[in-house]
$ cat final.cif   # mmCIF, C-alpha atoms (C1' of nucleotides)
data_entry
#
loop_
_atom_site.label_atom_id
_atom_site.label_comp_id
_atom_site.auth_asym_id
_atom_site.auth_seq_id
_atom_site.Cartn_x
_atom_site.Cartn_y
_atom_site.Cartn_z
CA MET S 1 -114.59 101.34 47.80
CA ALA S 2 -114.67 102.37 44.20
CA THR S 3 -116.18 99.76 42.00
CA LEU S 4 -116.37 101.85 38.88
CA HIS S 5 -113.06 102.66 37.38
CA HIS S 6 -112.01 105.26 34.84
CA HIS S 7 -108.79 105.58 32.93
CA THR S 8 -107.10 108.32 31.02
CA LEU S 9 -105.68 106.67 27.97
CA PRO S 10 -101.95 106.65 27.29
CA ALA S 11 -101.52 107.65 23.66
CA GLY S 12 -99.47 105.87 20.95
CA PRO S 13 -95.85 105.72 22.11
CA GLY S 14 -96.69 105.64 25.78
CA LEU S 15 -99.05 102.79 25.08
CA ALA S 16 -96.34 100.76 23.40
CA ALA S 17 -93.98 101.43 26.27
CA ALA S 18 -96.53 100.22 28.77
CA ALA S 19 -97.06 97.10 26.69
CA ARG S 20 -93.33 96.47 26.46
CA ASP S 21 -92.94 96.82 30.20
CA ALA S 22 -95.79 94.43 30.85
CA VAL S 23 -94.38 91.80 28.50
CA LEU S 24 -90.88 92.15 29.93
CA GLY S 25 -92.35 92.04 33.40
CA ALA S 26 -93.98 88.74 32.52
CA GLY S 27 -90.51 87.38 31.79
CA GLU S 28 -91.00 87.44 28.03
CA GLN S 29 -88.99 89.15 25.35
CA TRP S 30 -90.06 92.30 23.54
CA THR S 31 -88.94 91.53 20.02
CA ASP S 32 -89.22 93.58 16.86
CA LEU S 33 -92.03 91.41 15.60
CA ARG S 34 -93.90 91.70 18.85
CA ALA S 35 -93.54 95.46 18.73
CA GLN S 36 -94.82 95.45 15.16
CA VAL S 37 -97.78 93.28 16.10
CA PHE S 38 -98.63 95.48 19.03
CA GLY S 39 -98.30 98.58 16.91
CA ALA S 40 -100.55 97.18 14.21
CA LEU S 41 -103.13 95.98 16.71
CA SER S 42 -103.31 99.29 18.53
CA ALA S 43 -103.63 101.19 15.25
CA PHE S 44 -106.98 99.59 14.53
CA ASP S 45 -109.96 101.50 15.78
CA ARG S 46 -111.88 98.31 16.36
CA PRO S 47 -111.11 94.69 17.16
CA ALA S 48 -108.88 93.08 14.58
CA SER S 49 -108.66 89.45 13.63
CA ALA S 50 -105.33 87.67 13.72
CA TYR S 51 -105.33 87.79 9.94
CA ASP S 52 -106.06 91.50 9.89
CA VAL S 53 -103.01 91.99 12.07
CA THR S 54 -100.93 89.65 9.94
CA GLU S 55 -101.77 91.64 6.86
CA ALA S 56 -101.09 94.97 8.52
CA VAL S 57 -97.71 93.84 9.83
CA SER S 58 -96.79 92.31 6.51
CA LYS S 59 -97.59 95.58 4.77
CA ALA S 60 -95.76 97.67 7.34
CA THR S 61 -92.60 95.61 7.24
CA GLY S 62 -92.58 94.74 3.55
CA ARG S 63 -92.17 91.03 4.17
CA ARG S 64 -94.65 88.22 4.57
CA ILE S 65 -95.34 87.39 8.19
CA ALA S 66 -96.59 83.96 9.15
CA ALA S 67 -100.13 83.92 10.53
CA ASN S 68 -99.23 81.36 13.15
CA SER S 69 -96.52 83.64 14.51
CA VAL S 70 -99.12 86.32 14.92
CA TYR S 71 -101.40 83.89 16.72
CA ARG S 72 -98.59 82.97 19.07
CA ILE S 73 -97.84 86.60 19.76
CA LEU S 74 -101.46 87.51 20.31
CA ASP S 75 -101.82 84.62 22.73
CA LEU S 76 -98.77 85.88 24.56
CA PHE S 77 -100.25 89.36 24.64
CA VAL S 78 -103.48 88.08 26.06
CA ALA S 79 -101.59 86.11 28.70
CA SER S 80 -99.64 89.24 29.59
CA ASN S 81 -102.78 91.38 29.67
CA VAL S 82 -101.40 93.51 26.86
CA ALA S 83 -104.25 92.58 24.58
CA MET S 84 -107.68 91.13 25.06
CA ARG S 85 -109.69 88.74 22.99
CA ILE S 86 -113.30 89.39 22.04
CA GLU S 87 -114.79 85.92 21.88
CA SER S 88 -117.94 86.83 20.05
CA SER S 89 -115.94 88.56 17.31
CA ASN S 90 -112.95 86.23 17.07
CA ALA S 91 -110.84 89.33 17.35
CA TYR S 92 -108.33 91.12 19.52
CA VAL S 93 -107.88 94.61 20.93
CA ALA S 94 -104.86 96.27 22.47
CA ASN S 95 -105.15 96.92 26.18
CA ALA S 96 -104.31 100.45 27.16
CA HIS S 97 -103.73 99.42 30.77
CA PRO S 98 -101.74 96.24 31.03
CA ALA S 99 -101.02 96.95 34.66
CA CYS S 100 -104.69 96.93 35.66
CA LEU S 101 -106.41 93.59 35.92
CA HIS S 102 -110.12 93.71 35.26
CA ASP S 103 -112.86 91.45 34.05
CA CYS S 104 -113.77 93.82 31.25
CA ILE S 105 -117.23 94.13 29.82
CA PHE S 106 -116.97 94.64 26.07
CA LEU S 107 -119.66 96.54 24.21
CA VAL S 108 -119.64 95.32 20.63
CA CYS S 109 -121.56 97.30 18.03
CA ASP S 110 -123.45 95.04 15.63
CA ALA S 111 -123.50 97.75 13.02
CA CYS S 112 -120.00 99.24 12.84
CA GLY S 113 -118.02 96.69 14.78
CA LYS S 114 -116.47 99.27 17.05
CA THR S 115 -115.98 97.93 20.52
CA THR S 116 -115.49 99.73 23.77
CA HIS S 117 -115.11 98.32 27.19
CA ILE S 118 -116.06 99.19 30.70
CA ASP S 119 -114.37 98.04 33.85
CA ASP S 120 -117.14 97.54 36.32
CA ASP S 121 -115.60 95.44 39.02
CA GLY S 122 -118.85 95.24 40.92
CA VAL S 123 -120.70 93.58 38.08
CA ALA S 124 -117.74 91.34 37.31
CA LYS S 125 -117.54 90.30 40.92
CA SER S 126 -121.22 89.41 41.01
CA VAL S 127 -120.82 87.25 37.91
CA ARG S 128 -117.95 85.41 39.53
CA ALA S 129 -119.94 85.05 42.72
CA ALA S 130 -122.98 83.68 40.91
CA ALA S 131 -120.75 81.10 39.25
CA ALA S 132 -118.97 80.19 42.46
CA ALA S 133 -122.29 79.77 44.25
CA THR S 134 -122.98 76.72 42.09
CA GLY S 135 -119.64 75.11 42.95
CA PHE S 136 -118.04 76.21 39.72
CA ARG S 137 -114.59 77.74 40.02
CA PRO S 138 -114.46 80.81 37.76
CA ILE S 139 -111.21 81.56 36.00
CA ARG S 140 -111.97 83.86 33.13
CA PRO S 141 -115.33 85.56 32.75
CA VAL S 142 -116.30 86.45 29.20
CA LEU S 143 -118.54 89.48 29.44
CA GLU S 144 -119.56 90.95 26.14
CA VAL S 145 -122.65 92.80 25.06
CA GLN S 146 -123.82 92.90 21.49
CA GLY S 147 -125.90 95.91 20.58
CA ARG S 148 -125.69 99.38 19.06
CA CYS S 149 -123.11 101.99 19.90
CA VAL S 150 -124.00 105.62 20.42
CA ASP S 151 -123.17 106.58 16.84
CA CYS S 152 -125.12 103.74 15.26
CA ASN S 153 -128.12 104.49 17.45
CA MET L 1 -139.33 90.01 43.18
CA ALA L 2 -137.46 86.84 42.47
CA THR L 3 -134.26 87.48 40.62
CA LEU L 4 -132.91 83.97 40.94
CA HIS L 5 -134.75 81.44 38.95
CA HIS L 6 -134.83 77.67 39.07
CA HIS L 7 -136.25 75.21 36.63
CA THR L 8 -137.22 71.61 36.74
CA LEU L 9 -136.06 70.13 33.49
CA PRO L 10 -138.50 68.62 31.01
CA ALA L 11 -137.01 65.34 29.89
CA GLY L 12 -136.50 64.04 26.34
CA PRO L 13 -139.90 63.91 24.63
CA GLY L 14 -141.34 66.78 26.61
CA LEU L 15 -138.34 68.81 25.71
CA ALA L 16 -138.82 68.20 22.01
CA ALA L 17 -142.48 69.09 22.30
CA ALA L 18 -141.63 72.36 23.99
CA ALA L 19 -139.14 73.12 21.25
CA ARG L 20 -141.65 72.31 18.55
CA ASP L 21 -144.21 74.59 20.13
CA ALA L 22 -141.74 77.42 20.38
CA VAL L 23 -140.70 77.09 16.75
CA LEU L 24 -144.28 76.88 15.57
CA GLY L 25 -145.13 79.79 17.82
CA ALA L 26 -142.44 81.82 16.08
CA GLY L 27 -144.27 81.19 12.80
CA GLU L 28 -141.74 78.67 11.56
CA GLN L 29 -142.24 75.10 10.47
CA TRP L 30 -141.27 72.08 12.52
CA THR L 31 -139.88 69.78 9.84
CA ASP L 32 -138.40 66.31 10.11
CA LEU L 33 -134.90 67.65 9.71
CA ARG L 34 -135.46 70.28 12.38
CA ALA L 35 -136.72 67.63 14.73
CA GLN L 36 -133.66 65.51 13.97
CA VAL L 37 -131.34 68.43 14.58
CA PHE L 38 -133.02 69.28 17.84
CA GLY L 39 -132.94 65.66 18.92
CA ALA L 40 -129.27 65.35 18.14
CA LEU L 41 -128.41 68.59 19.84
CA SER L 42 -130.29 67.75 23.00
CA ALA L 43 -128.69 64.30 23.15
CA PHE L 44 -125.25 65.80 23.70
CA ASP L 45 -124.26 66.25 27.31
CA ARG L 46 -122.20 69.30 26.43
CA PRO L 47 -122.23 72.01 23.80
CA ALA L 48 -121.97 70.62 20.29
CA SER L 49 -120.52 72.30 17.24
CA ALA L 50 -122.59 72.59 14.09
CA TYR L 51 -120.43 69.88 12.60
CA ASP L 52 -120.92 67.60 15.59
CA VAL L 53 -124.64 67.95 15.06
CA THR L 54 -124.30 67.41 11.32
CA GLU L 55 -122.45 64.19 11.91
CA ALA L 56 -124.91 62.98 14.53
CA VAL L 57 -127.91 63.67 12.32
CA SER L 58 -126.23 62.07 9.32
CA LYS L 59 -125.57 58.97 11.33
CA ALA L 60 -129.05 58.87 12.82
CA THR L 61 -130.82 59.25 9.50
CA GLY L 62 -128.44 57.24 7.36
CA ARG L 63 -128.03 59.97 4.77
CA ARG L 64 -125.55 62.80 4.44
CA ILE L 65 -126.92 66.05 5.78
CA ALA L 66 -125.54 69.36 4.55
CA ALA L 67 -123.62 71.35 7.14
CA ASN L 68 -125.08 74.61 5.94
CA SER L 69 -128.60 73.30 6.48
CA VAL L 70 -127.63 72.56 10.03
CA TYR L 71 -126.25 76.06 10.42
CA ARG L 72 -129.47 77.50 9.12
CA ILE L 73 -131.51 75.39 11.49
CA LEU L 74 -129.33 76.20 14.47
CA ASP L 75 -129.63 79.90 13.68
CA LEU L 76 -133.36 79.47 13.55
CA PHE L 77 -133.30 77.67 16.87
CA VAL L 78 -131.28 80.41 18.46
CA ALA L 79 -133.66 83.03 17.09
CA SER L 80 -136.58 81.03 18.50
CA ASN L 81 -134.86 80.57 21.85
CA VAL L 82 -134.90 76.83 21.36
CA ALA L 83 -131.14 76.65 21.43
CA MET L 84 -128.38 78.91 22.61
CA ARG L 85 -124.96 79.58 21.25
CA ILE L 86 -121.86 79.52 23.42
CA GLU L 87 -119.62 82.09 21.79
CA SER L 88 -116.42 81.10 23.51
CA SER L 89 -116.86 77.49 22.40
CA ASN L 90 -118.33 78.01 18.94
CA ALA L 91 -120.99 75.58 20.00
CA TYR L 92 -124.67 75.21 20.68
CA VAL L 93 -126.85 73.80 23.43
CA ALA L 94 -130.52 72.93 23.46
CA ASN L 95 -132.63 75.15 25.63
CA ALA L 96 -134.87 73.28 28.00
CA HIS L 97 -137.12 76.31 28.47
CA PRO L 98 -137.85 78.03 25.20
CA ALA L 99 -140.72 79.89 26.79
CA CYS L 100 -138.51 81.65 29.36
CA LEU L 101 -136.38 84.50 28.15
CA HIS L 102 -133.19 84.99 30.11
CA ASP L 103 -129.77 86.42 29.62
CA CYS L 104 -128.12 83.18 30.64
CA ILE L 105 -124.74 82.96 32.27
CA PHE L 106 -122.91 79.92 30.92
CA LEU L 107 -120.33 78.15 33.02
CA VAL L 108 -117.92 76.42 30.67
CA CYS L 109 -115.52 73.86 32.09
CA ASP L 110 -112.03 74.18 30.60
CA ALA L 111 -111.28 70.60 31.43
CA CYS L 112 -114.26 68.50 30.36
CA GLY L 113 -116.15 70.99 28.22
CA LYS L 114 -119.38 70.45 30.07
CA THR L 115 -121.39 73.60 30.29
CA THR L 116 -124.16 74.55 32.63
CA HIS L 117 -126.03 77.77 32.84
CA ILE L 118 -127.58 79.91 35.48
CA ASP L 119 -130.37 82.40 35.02
CA ASP L 120 -129.53 85.24 37.31
CA ASP L 121 -131.68 88.06 36.08
CA GLY L 122 -130.24 90.46 38.63
CA VAL L 123 -126.71 90.08 37.34
CA ALA L 124 -127.88 90.18 33.75
CA LYS L 125 -129.82 93.31 34.40
CA SER L 126 -126.83 95.01 35.95
CA VAL L 127 -124.73 94.14 32.91
CA ARG L 128 -127.32 95.67 30.64
CA ALA L 129 -127.56 98.69 32.88
CA ALA L 130 -123.80 99.20 32.91
CA ALA L 131 -123.79 99.08 29.12
CA ALA L 132 -126.76 101.40 28.79
CA ALA L 133 -125.15 103.90 31.16
CA THR L 134 -122.51 104.57 28.51
CA GLY L 135 -125.08 105.27 25.83
CA PHE L 136 -124.74 101.82 24.32
CA ARG L 137 -127.97 100.02 23.51
CA PRO L 138 -127.64 96.41 24.65
CA ILE L 139 -129.33 93.76 22.55
CA ARG L 140 -127.73 90.46 23.41
CA PRO L 141 -125.43 90.06 26.40
CA VAL L 142 -122.88 87.27 26.10
CA LEU L 143 -122.20 86.10 29.63
CA GLU L 144 -119.91 83.13 29.87
CA VAL L 145 -117.46 82.04 32.51
CA GLN L 146 -114.53 79.80 31.74
CA GLY L 147 -113.28 77.79 34.70
CA ARG L 148 -113.58 74.41 36.35
CA CYS L 149 -116.77 72.55 37.03
CA VAL L 150 -117.44 70.79 40.31
CA ASP L 151 -116.29 67.42 39.01
CA CYS L 152 -113.07 68.72 37.50
CA ASN L 153 -112.25 70.59 40.66
"C1'" DT K 1 -153.08 71.29 -11.95
"C1'" DC K 2 -150.01 74.69 -11.53
"C1'" DA K 3 -147.62 78.69 -9.58
"C1'" DG K 4 -145.05 80.25 -5.80
"C1'" DC K 5 -142.59 79.89 -1.77
"C1'" DA K 6 -140.11 77.70 1.98
"C1'" DA K 7 -136.82 74.18 2.97
"C1'" DT K 8 -133.02 71.63 1.84
"C1'" DG K 9 -129.14 70.08 -1.13
"C1'" DT K 10 -124.72 70.76 -3.60
"C1'" DA K 11 -120.57 72.83 -4.20
"C1'" DA K 12 -117.33 76.03 -3.62
"C1'" DC K 13 -115.12 79.16 -0.88
"C1'" DA K 14 -113.53 82.33 3.02
"C1'" DC K 15 -112.12 82.73 7.53
"C1'" DT K 16 -110.23 81.03 12.03
"C1'" DA K 17 -107.00 78.17 14.39
"C1'" DT K 18 -103.51 74.70 15.27
"C1'" DA K 19 -99.79 71.20 14.42
"C1'" DT K 20 -95.27 69.92 12.86
"C1'" DC K 21 -90.94 70.56 11.75
"C1'" DA K 22 -87.18 73.66 9.84
"C1'" DT K 23 -84.59 77.76 10.38
"C1'" DT K 24 -83.13 81.96 12.49
"C1'" DT K 25 -82.19 84.81 16.33
"C1'" DT K 26 -81.09 85.66 21.01
"C1'" DG K 27 -78.85 85.37 25.40
"C1'" DG K 28 -75.71 83.22 28.49
"C1'" DC K 29 -71.33 81.53 29.26
"C1'" DA K 30 -66.57 79.63 28.64
"C1'" DT G 1 -65.12 86.49 20.86
"C1'" DG G 2 -67.15 82.22 19.76
"C1'" DC G 3 -70.08 78.59 20.88
"C1'" DC G 4 -74.15 76.29 22.78
"C1'" DA G 5 -78.83 75.97 24.14
"C1'" DA G 6 -83.11 77.91 24.19
"C1'" DA G 7 -86.47 80.93 22.41
"C1'" DA G 8 -88.62 82.95 18.49
"C1'" DT G 9 -90.10 82.81 13.96
"C1'" DG G 10 -90.93 80.73 9.35
"C1'" DA G 11 -92.94 77.41 6.12
"C1'" DT G 12 -96.27 74.34 5.19
"C1'" DA G 13 -100.03 71.64 5.84
"C1'" DT G 14 -104.28 70.67 7.76
"C1'" DA G 15 -108.34 70.91 10.83
"C1'" DG G 16 -112.32 73.39 12.16
"C1'" DT G 17 -115.87 77.09 11.60
"C1'" DG G 18 -118.96 79.66 8.82
"C1'" DT G 19 -121.00 81.70 4.49
"C1'" DT G 20 -122.45 82.32 -0.36
"C1'" DA G 21 -124.68 81.19 -4.62
"C1'" DC G 22 -127.46 78.60 -7.00
"C1'" DA G 23 -130.07 74.15 -7.92
"C1'" DT G 24 -133.59 71.08 -6.45
"C1'" DT G 25 -137.37 69.37 -3.80
"C1'" DG G 26 -141.66 69.52 -1.76
"C1'" DC G 27 -145.53 71.63 0.22
"C1'" DT G 28 -149.49 74.81 -0.13
"C1'" DG G 29 -153.05 77.40 -1.87
"C1'" DA G 30 -155.51 79.53 -5.89
#
$ encode --input "final.cif" --output "structure tokens"
Amino acid sequence: MATLHHHTLPAGPGLAAAARDAVLGAGEQWTDLRAQVFGALSAFDRPASAYDVTEAVSKATGRRIAANSVYRILDLFVASNVAMRIESSNAYVANAHPACLHDCIFLVCDACGKTTHIDDDGVAKSVRAAAAATGFRPIRPVLEVQGRCVDCN
Amino acid sequence: MATLHHHTLPAGPGLAAAARDAVLGAGEQWTDLRAQVFGALSAFDRPASAYDVTEAVSKATGRRIAANSVYRILDLFVASNVAMRIESSNAYVANAHPACLHDCIFLVCDACGKTTHIDDDGVAKSVRAAAAATGFRPIRPVLEVQGRCVDCN
DNA sequence: TCAGCAATGTAACACTATATCATTTTGGCA
DNA sequence: TGCCAAAATGATATAGTGTTACATTGCTGA
């Protein structure tokens, strides 16, 4: 049983299509604004705050977007597994694989802010098991590692 | 080699003494305000925000304490391993065992907010190893699990 | 005593997040 | 098509979290 898991990344348009399908599949609409938000989020090369996304979408569309709309959409994306939230950065990243459910481990670079993730189901499972062993019922593990990325040493 | 680790908890005054020793041992002063902040923090039965602590200390001392002083002190506590920060709650907890270094796994109850932690060095080590295997240099793992505590089902 | 440094205070500000209610858009249906 | 109801978004305000810059206080050691 494979516990480590590797993906080949769908590029730009394919990514958006996968996101759209996941949102529609969750019984939600894929509106223009949602497409804009997803596009802006996935264009960042590192986690973006809700306000970063708001600004990017506002610039791209030429009209002022409300920050709370962006929050709502990002929450929806997280619920649909189309985006993920990095708790220790108060920021969001697009998920290249909405169809795959994982307890991701995020590697957050202290220096440049770039964040990658690994899907190690074995580790995730052992975290859930350790929690469950105490009687706690795990719902959403938050697994993030602060440190230095390869480029920043 | 024991990977699971259990503690018997030092109660109130012993706890404060352990904290004081750890702070002094880190080459920092143990001032009245720091003692107040630690006392307030450890009196909470769940993670407290910096502003919760500010309010508690203000009430306890009868004078208005500056929030940024509390932030500074909490940062110092975290650096001295006298307190720990729960990233997904933007909150802090007193550490009963400043002398023991662990990558704690926090179990955060969605319903009541109470938060416990487990020190499973095996799991923590495997998280660090998974990160290091990608070339990332782990410094501070953030291991938190959102879910339901025993009491909340 | 006085100089210097660490700690804390004061104030202002930036960022993150949510609440409330109004308005617009969408989708279903007669 | 035209209307209704529901969903989505906007506008605005406000709460909560965190930082910056500089002033003041108080301790400590020459």
$ closest_residue --input "final.cif" --among "G:DG10, G:DA23, G:DA30, G:DC4" --to "DT8 in chain K" --atoms "only C-alpha atoms (C1' of nucleotides)"
G:DA23
$ closest_residue --input "final.cif" --among "S:Asp32, S:His117, S:Asn90, S:Asp21" --to "DT17 in chain G" --atoms "all atoms listed in the file"
S:Asn90
$ interface_residues --input "final.cif" --of "chain K" --to "chain S" --cutoff "10 Å" --atoms "only C-alpha atoms (C1' of nucleotides)" --output "PyMOL selection string"
chain K and resi 15-18+26
$ resolve_selection --input "final.cif" --expression "the PyMOL selection byres ((chain S and resi 89) around 9)" --output "ChimeraX atom specification"
/S:47-49,85-88,90-92,108,113 /L:87
$ closest_atom_pairs --input "final.cif" --of "chain L" --to "chain S" --cutoff "7 Å" --atoms "all atoms listed in the file" --output "CSV"
residue,atom,partner,partner_atom,distance
L:Glu87,CA,S:Ser88,CA,5.3
L:Ser88,CA,S:Glu87,CA,5.3
L:Leu107,CA,S:Ala131,CA,6.9
L:Val123,CA,S:Val127,CA,6.6
L:Ser126,CA,S:Val123,CA,6.6
L:Val127,CA,S:Val123,CA,6.6
L:Ala131,CA,S:Leu107,CA,6.9
L:Gly135,CA,S:Val150,CA,5.5
L:Phe136,CA,S:Cys149,CA,4.7
L:Arg137,CA,S:Arg148,CA,5.0
L:Pro138,CA,S:Gly147,CA,4.5
L:Ile139,CA,S:Gly147,CA,4.5
L:Arg140,CA,S:Gln146,CA,5.0
L:Pro141,CA,S:Val145,CA,4.1
L:Val142,CA,S:Glu144,CA,5.0
L:Leu143,CA,S:Leu143,CA,5.0
L:Glu144,CA,S:Val142,CA,5.0
L:Val145,CA,S:Pro141,CA,4.1
L:Gln146,CA,S:Arg140,CA,5.0
L:Gly147,CA,S:Pro138,CA,4.5
L:Arg148,CA,S:Arg137,CA,5.1
L:Cys149,CA,S:Phe136,CA,4.7
L:Val150,CA,S:Phe136,CA,5.5
$ interface_residues --input "final.cif" --of "chain G" --to "chain S" --cutoff "12 Å" --atoms "all atoms listed in the file" --output "PyMOL selection string"
chain G and resi 7-12+17
$ resolve_selection --input "final.cif" --expression "the PyMOL selection byres ((chain K and resi 1) around 12)" --output "JSON, numbers by chain"
{"K": [2, 3], "G": [29, 30]}
$ residues_around --input "final.cif" --residues "DG28 in chain K" --least-positions-apart "4" --cutoff "12 Å" --atoms "all atoms listed in the file" --output "ChimeraX atom specification"
/G:3-6
$ write_last_selection --input "final.cif" --atoms "C-alpha atoms (C1' of nucleotides)" --output "short mmCIF file (atom, residue, chain, number, x, y, z; two decimals), in the coordinates of the input"
data_model
loop_
_atom_site.label_atom_id
_atom_site.label_comp_id
_atom_site.auth_asym_id
_atom_site.auth_seq_id
_atom_site.Cartn_x
_atom_site.Cartn_y
_atom_site.Cartn_z
"C1'" DC G 3 -70.08 78.59 20.88
"C1'" DC G 4 -74.15 76.29 22.78
"C1'" DA G 5 -78.83 75.97 24.14
"C1'" DA G 6 -83.11 77.91 24.19
#
$ atom_distance --input "final.cif" --atom1 "CA of Asn95 in chain L" --atom2 "C1' of DA7 in chain K"
23.1 Å
$ build_atoms --input "final.cif" --residues "range 60-74 of chain L" --atoms "N, CA and C atoms" --output "CSV table (one decimal), keeping the file's coordinate frame"
chain,number,residue,atom,x,y,z
L,60,ALA,N,-127.7,59.3,12.4
L,60,ALA,CA,-129.0,58.9,12.8
L,60,ALA,C,-130.0,58.6,11.7
L,61,THR,N,-129.9,59.4,10.6
L,61,THR,CA,-130.8,59.2,9.5
L,61,THR,C,-130.3,58.4,8.4
L,62,GLY,N,-129.0,58.1,8.4
L,62,GLY,CA,-128.4,57.2,7.4
L,62,GLY,C,-128.2,58.0,6.0
L,63,ARG,N,-128.4,59.3,6.0
L,63,ARG,CA,-128.0,60.0,4.8
L,63,ARG,C,-127.2,61.2,5.1
L,64,ARG,N,-126.5,61.7,4.2
L,64,ARG,CA,-125.6,62.8,4.4
L,64,ARG,C,-126.3,64.1,4.5
L,65,ILE,N,-126.2,64.8,5.6
L,65,ILE,CA,-126.9,66.0,5.8
L,65,ILE,C,-125.9,67.2,5.5
L,66,ALA,N,-126.4,68.2,4.9
L,66,ALA,CA,-125.5,69.4,4.6
L,66,ALA,C,-125.3,70.2,5.8
L,67,ALA,N,-124.0,70.5,6.0
L,67,ALA,CA,-123.6,71.4,7.1
L,67,ALA,C,-124.3,72.7,7.1
L,68,ASN,N,-124.5,73.3,5.9
L,68,ASN,CA,-125.1,74.6,5.9
L,68,ASN,C,-126.6,74.6,6.3
L,69,SER,N,-127.2,73.4,6.0
L,69,SER,CA,-128.6,73.3,6.5
L,69,SER,C,-128.6,73.3,8.0
L,70,VAL,N,-127.7,72.6,8.6
L,70,VAL,CA,-127.6,72.6,10.0
L,70,VAL,C,-127.4,73.9,10.6
L,71,TYR,N,-126.5,74.7,10.0
L,71,TYR,CA,-126.2,76.1,10.4
L,71,TYR,C,-127.5,76.9,10.4
L,72,ARG,N,-128.2,76.7,9.3
L,72,ARG,CA,-129.5,77.5,9.1
L,72,ARG,C,-130.5,77.1,10.2
L,73,ILE,N,-130.5,75.8,10.5
L,73,ILE,CA,-131.5,75.4,11.5
L,73,ILE,C,-131.1,75.8,12.9
L,74,LEU,N,-129.8,75.8,13.2
L,74,LEU,CA,-129.3,76.2,14.5
L,74,LEU,C,-129.6,77.7,14.7
